[in-house]
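Before any comments, here is the structure.
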Amino acid sequence: MAEPLIEVDGLTVRFPTADGGWSTVVDGVRFAAGYERLAIVGESGSGKSLTARAILGLVPAPGQVTAERLHLAGRDLRNLTPSAWERVRGAEIGLVLQDPRFALNPLHRVGRQVEEALVLHTSLGRAERRERALDMLDAVGLERPRDVYHLFPGQLSGGMGQRVMIAAMLVARPKLLIADEPTSALDENLRRQILQLIADLAERHHMGLILISHDLQQVADFADEVIVMFRGRIVDRRGARDLAHSSNPYTAMLWNCRPSAATYGTRLPTLAAAEREALDDRGA
Amino acid sequence: MTAALELDRLSVHFYNGRHDIAAVREASLSIAAGTSFGLFGPSGCGKSTVLRVVAGIELGWSGQVAAFGTPYRAGQKPQGRLRRDVQMVFQDPYASLHPRHSIRRTLEEPLIVNGIADARRVAAEALAAVGLPPDIAPRTPNALSGGQRQRVAIARALLLKPRLLLLDEPTSALDMSVQAEILNLLMDLKAAYGMTLLLVSHDRDVIAHVCDSAARMRAGLIEAILDRPALAAV
Ligand SMILES: Nc1ncnc2c1ncn2[C@@H]1O[C@H](COP(=O)(O)OP(=O)(O)OP(=O)(O)O)[C@@H](O)[C@H]1O
Ligand SMILES: Nc1ncnc2c1ncn2[C@@H]1O[C@H](COP(=O)(O)OP(=O)(O)OP(=O)(O)O)[C@@H](O)[C@H]1O
Ligand SMILES: [Mg+2]
Ligand SMILES: [Mg+2]
């Protein structure tokens with residue numbers, strides 16, 4: 001088998017606590033992915049976004065990252081210099097951040113932000129950059145891309161901002177795309193359109209994909225492999241097609257508490273405190 | 001009985017530097033007190049703009065708006081009781097959380113301003129109610145996960161026991177089990193003191209679970225009002 005595109009082993013992220021100790025928020029995470037689509041699901045606060053950030057060297061101080069292995073296409077990412085990181089980010093690994101407002105610069109127009117990676121990592125001329133940016137804004141389903149190109153982030157709706165963010169990452173054609181809840185503000189149709197776009201580009205440009213999502217149905221349809229996180233640890237790992245029939249109590253729970261018209265007027269099932277503790281022990 | 005919210009031909013226009021955008025076009029709706037009302041439709045159709053008008057943030061509108069019988073005036077922030085009675089959870093949680101204030105300060109400040117005793121305890125209970133551990137209280141919003149930030153924004157909006165709660169995609173960043181806890185909490189509060197909910201969500205299942213009726217928007221227009229049987233059928 002060919003070498004995996006991304007290999008992570010023993011990845012740990014921790015933050016100092018007020019009482020002088022450490023709080024471990026990502027705890028010994030291990031996975032490898034090639035050109036199949038890997039998905040990460042899990043509880044709010046379980047360490048999904050920090051896992052993604054650690055792969056890009058973006059865990060903020062005073063956070064501490066350690067790993068036994070952290071390789072992209074055979075290259076060790078653990079001790080890169082700041083300038084080497086600059087080249088890896090955007091050109092080799094693209095991260096679609098969970099929070100578009102936080103990720104987009106409020107003072108720069110959409111067009112400039114989508115073209116930024118092209119300015120940094122390609123030798124394309126102005127007209128070509130603009131052309132590619134407009135094509136990508138169109139591809140993510142934004143109506144009147146020429147207008148959107150000139151808007152500031154504050155003039156976008158939530159779902160428009162999310163799509164601008166996706167366009168800005170895809171336009172650079174990274175080797176690995178990590179998308180953190182990329183479609184959480186979008187309806188069913190747009191979600192499907194955008195995931196299809198990402199999948200097509202991935203195939204065409206041989207791009208690896210890691211999708212972080214809380215939408216189990218989306219993950220089951222889109223991904224090949226799924227890892228499930230709970231309190232910093234991987235508690236379940238399986239093929240996406242088996243996700244709906246997982247014997248893991250937490251994964252099963254995630255399916256059972258879905259709201260619908262049929263649950264109107266009823267309380268949804270939730271994890272009791274005791275069940276949480278039991279899950280925590282299982283992970284250990 | 002007066003309605004919790006009444007919109008009569010509400011319109012909002014923006015100028016984006018190139019075009020006039022009719023974000024909301026003569027939208028009319030009425031929400032009975034103590035019920036939950038859903039608002040859904042494609043990205044960019046004007047849902048957040050409607051909520052921002054009712055929250056008193058978007059002041060440039062025309063038409064008529066009244067909450068609990070009290071009319072709003074275009075161009076002016078709502079005054080008096082309305083400021084407390086109407087609270088909003090923003091689509092973007094950063095919008096309601098000060099980036100450099102601790103979560104504790106964010107939660108305690110509105111309590112202190114409104115003269116509510118025992119702010120520290122009430123704030124701690126609000127965190128617990130949305131399933132957050134007490135150790136996040138000293139942190140700033142950027143030291144939380146996306147879903148934790150969203151839950152702090154919900155906790156903050158609930159602190160003053162609003163009579164009308166505006167929720168803009170309140171569970172979009174939450175996994176299913178935490179979403180279930182938040183939806184249960186909202187339903188409990190609705191039952192306990194008759195809180196009225198206006199909920200925007202792109203997730204039709206969430207709308208169908210929560211709402212007694214709903215409106216479908218498209219390109220700034222309210223296209224249809226759905227009652228319970230219609231909601232259950234989609
Ligand atoms: N700067 C920080 N200091 C201390 N703790 C932090 C900091 N940043 C994040 N954390 C904690 O690390 C844990 C993991 O955060 P992370 O953002 O990876 O969660 P997540 O799985 O992406 O959750 P969500 O689905 O809600 O986005 C959370 O409990 C969070 O509170
Ligand atoms: N401050 C502004 N200046 C210019 N245009 C704006 C402004 N705010 C919103 N708009 C435009 O108004 C329209 C409606 O935006 P709104 O945020 O209400 O949509 P939405 O239905 O909430 O969409 P989403 O589901 O994507 O959040 C969009 O075309 C948006 O670009
Ligand atoms: Mg996250
Ligand atoms: Mg919106």
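To be explicit about the labels: the chains of the structure tokens are called A, B, and onward in the order shown, and within each one the residues are counted from 1, while ligands get numbers from 1 in the order they are shown.
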Could you produce a table of the residues of chain A lying within 12 Å of ligand 4, with the nearest pair of atoms per residue and their separation in Å rounded to one decimal, using only C-alpha atoms and all ligand atoms, ordered by chain and increasing residue number, as CSV?
residue,atom,partner,partner_atom_place_in_ligand_line,distance
A:Gly154,CA,ligand 4,1 (Mg),11.8
A:Gln155,CA,ligand 4,1 (Mg),11.2
A:Leu156,CA,ligand 4,1 (Mg),8.8
A:Ser157,CA,ligand 4,1 (Mg),5.1
A:Gly158,CA,ligand 4,1 (Mg),4.7
A:Gly159,CA,ligand 4,1 (Mg),6.7
A:Met160,CA,ligand 4,1 (Mg),8.8
A:Gly161,CA,ligand 4,1 (Mg),9.8
A:Gln162,CA,ligand 4,1 (Mg),10.9
A:Ser184,CA,ligand 4,1 (Mg),11.6
A:Ala185,CA,ligand 4,1 (Mg),7.9
A:Leu186,CA,ligand 4,1 (Mg),9.5
A:Asp187,CA,ligand 4,1 (Mg),11.3
Please identify all residues of chain A having at least one atom at most 6 Å from any atom of chain B, considering only C-alpha atoms, and return them as a PyMOL selection string.
chain A and resi 43-45+157+159+184+187+214+254+259-261+263-264+267-268+270
- How many Å lie between CA of Met253 (chain A) and CA of Leu271 (chain A), rounded to one decimal?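 Between CA of Met253 (chain A) and CA of Leu271 (chain A) the gap works out to 7.6 Å.
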From the list B:Ser30, B:Gln150, B:Thr196, B:Ser62, the nearest residue to ligand 1 using only C-alpha atoms and all ligand atoms is B:Gln150
With only C-alpha atoms as the counted atoms, please give the residues lying no more than 12 Å from Ser96 (chain B), apart from itself and same-chain residues fewer than 3 positions off, as a list in words.
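These residues fall inside the cut-off: Ile57, Gln87, Met88, Val89, Phe90, Gln91, Asp92, Pro93, Pro99, His101, Ile103, Thr106, Leu107, Pro141, Arg149, Gln150, Arg151, Val152, Ala153, Ile154, Ala155, Arg156, Ala157 and Asp168 of chain B.
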Skipping near chain neighbours, those fewer than 6 positions away, what residues fall within 9 Å of Gly74 (chain A) using only C-alpha atoms, listed as number ranges by chain? A: 3-7
Discussion item. Just want the 9 Å neighbourhood of Thr51 (chain A), counted on only C-alpha atoms, with same-chain residues fewer than 6 positions away dropped. Output as a ChimeraX atom specification.
Written reply: /A:11-13,26,29,59
Based on the selection just made, write all heavy atoms of those residues as an mmCIF file, in the first residue's frame.
data_model
loop_
_atom_site.group_PDB
_atom_site.id
_atom_site.type_symbol
_atom_site.label_atom_id
_atom_site.label_comp_id
_atom_site.auth_asym_id
_atom_site.auth_seq_id
_atom_site.Cartn_x
_atom_site.Cartn_y
_atom_site.Cartn_z
ATOM 1 N N LEU A 11 -1.272 11.953 19.245
ATOM 2 C CA LEU A 11 -1.452 13.413 19.259
ATOM 3 C C LEU A 11 -2.159 13.844 20.543
ATOM 4 O O LEU A 11 -3.238 13.355 20.873
ATOM 5 C CB LEU A 11 -2.267 13.858 18.041
ATOM 6 C CG LEU A 11 -2.547 15.362 17.959
ATOM 7 C CD1 LEU A 11 -1.257 16.135 17.699
ATOM 8 C CD2 LEU A 11 -3.572 15.657 16.875
ATOM 9 N N THR A 12 -1.513 14.751 21.253
ATOM 10 C CA THR A 12 -2.047 15.216 22.532
ATOM 11 C C THR A 12 -1.979 16.744 22.581
ATOM 12 O O THR A 12 -0.974 17.333 22.191
ATOM 13 C CB THR A 12 -1.234 14.600 23.694
ATOM 14 O OG1 THR A 12 -1.404 13.179 23.641
ATOM 15 C CG2 THR A 12 -1.709 15.092 25.040
ATOM 16 N N VAL A 13 -3.079 17.358 23.013
ATOM 17 C CA VAL A 13 -3.101 18.803 23.189
ATOM 18 C C VAL A 13 -3.549 19.077 24.614
ATOM 19 O O VAL A 13 -4.527 18.492 25.089
ATOM 20 C CB VAL A 13 -4.092 19.498 22.211
ATOM 21 C CG1 VAL A 13 -4.099 21.002 22.430
ATOM 22 C CG2 VAL A 13 -3.763 19.158 20.762
ATOM 23 N N VAL A 26 -7.031 16.882 23.889
ATOM 24 C CA VAL A 26 -6.889 15.864 22.843
ATOM 25 C C VAL A 26 -5.905 14.859 23.415
ATOM 26 O O VAL A 26 -4.823 15.228 23.846
ATOM 27 C CB VAL A 26 -6.364 16.459 21.521
ATOM 28 C CG1 VAL A 26 -6.120 15.361 20.498
ATOM 29 C CG2 VAL A 26 -7.326 17.503 20.970
ATOM 30 N N VAL A 29 -4.565 10.828 20.156
ATOM 31 C CA VAL A 29 -5.336 10.541 18.944
ATOM 32 C C VAL A 29 -4.442 9.940 17.849
ATOM 33 O O VAL A 29 -3.330 10.395 17.626
ATOM 34 C CB VAL A 29 -6.042 11.832 18.446
ATOM 35 C CG1 VAL A 29 -6.452 11.735 16.992
ATOM 36 C CG2 VAL A 29 -7.242 12.129 19.335
ATOM 37 N N VAL A 59 -2.451 25.562 17.149
ATOM 38 C CA VAL A 59 -2.992 25.564 18.511
ATOM 39 C C VAL A 59 -2.447 26.799 19.218
ATOM 40 O O VAL A 59 -1.240 27.028 19.251
ATOM 41 C CB VAL A 59 -2.606 24.282 19.270
ATOM 42 C CG1 VAL A 59 -2.968 24.390 20.741
ATOM 43 C CG2 VAL A 59 -3.293 23.084 18.641
#
- Query: Which residues, written as a VMD selection string, have at least one atom at most 7 Å from Gly34 (chain B), with only C-alpha atoms counted and residues fewer than 4 positions away on the same chain left out?
  - Reply: chain B and resid 190 194 to 196
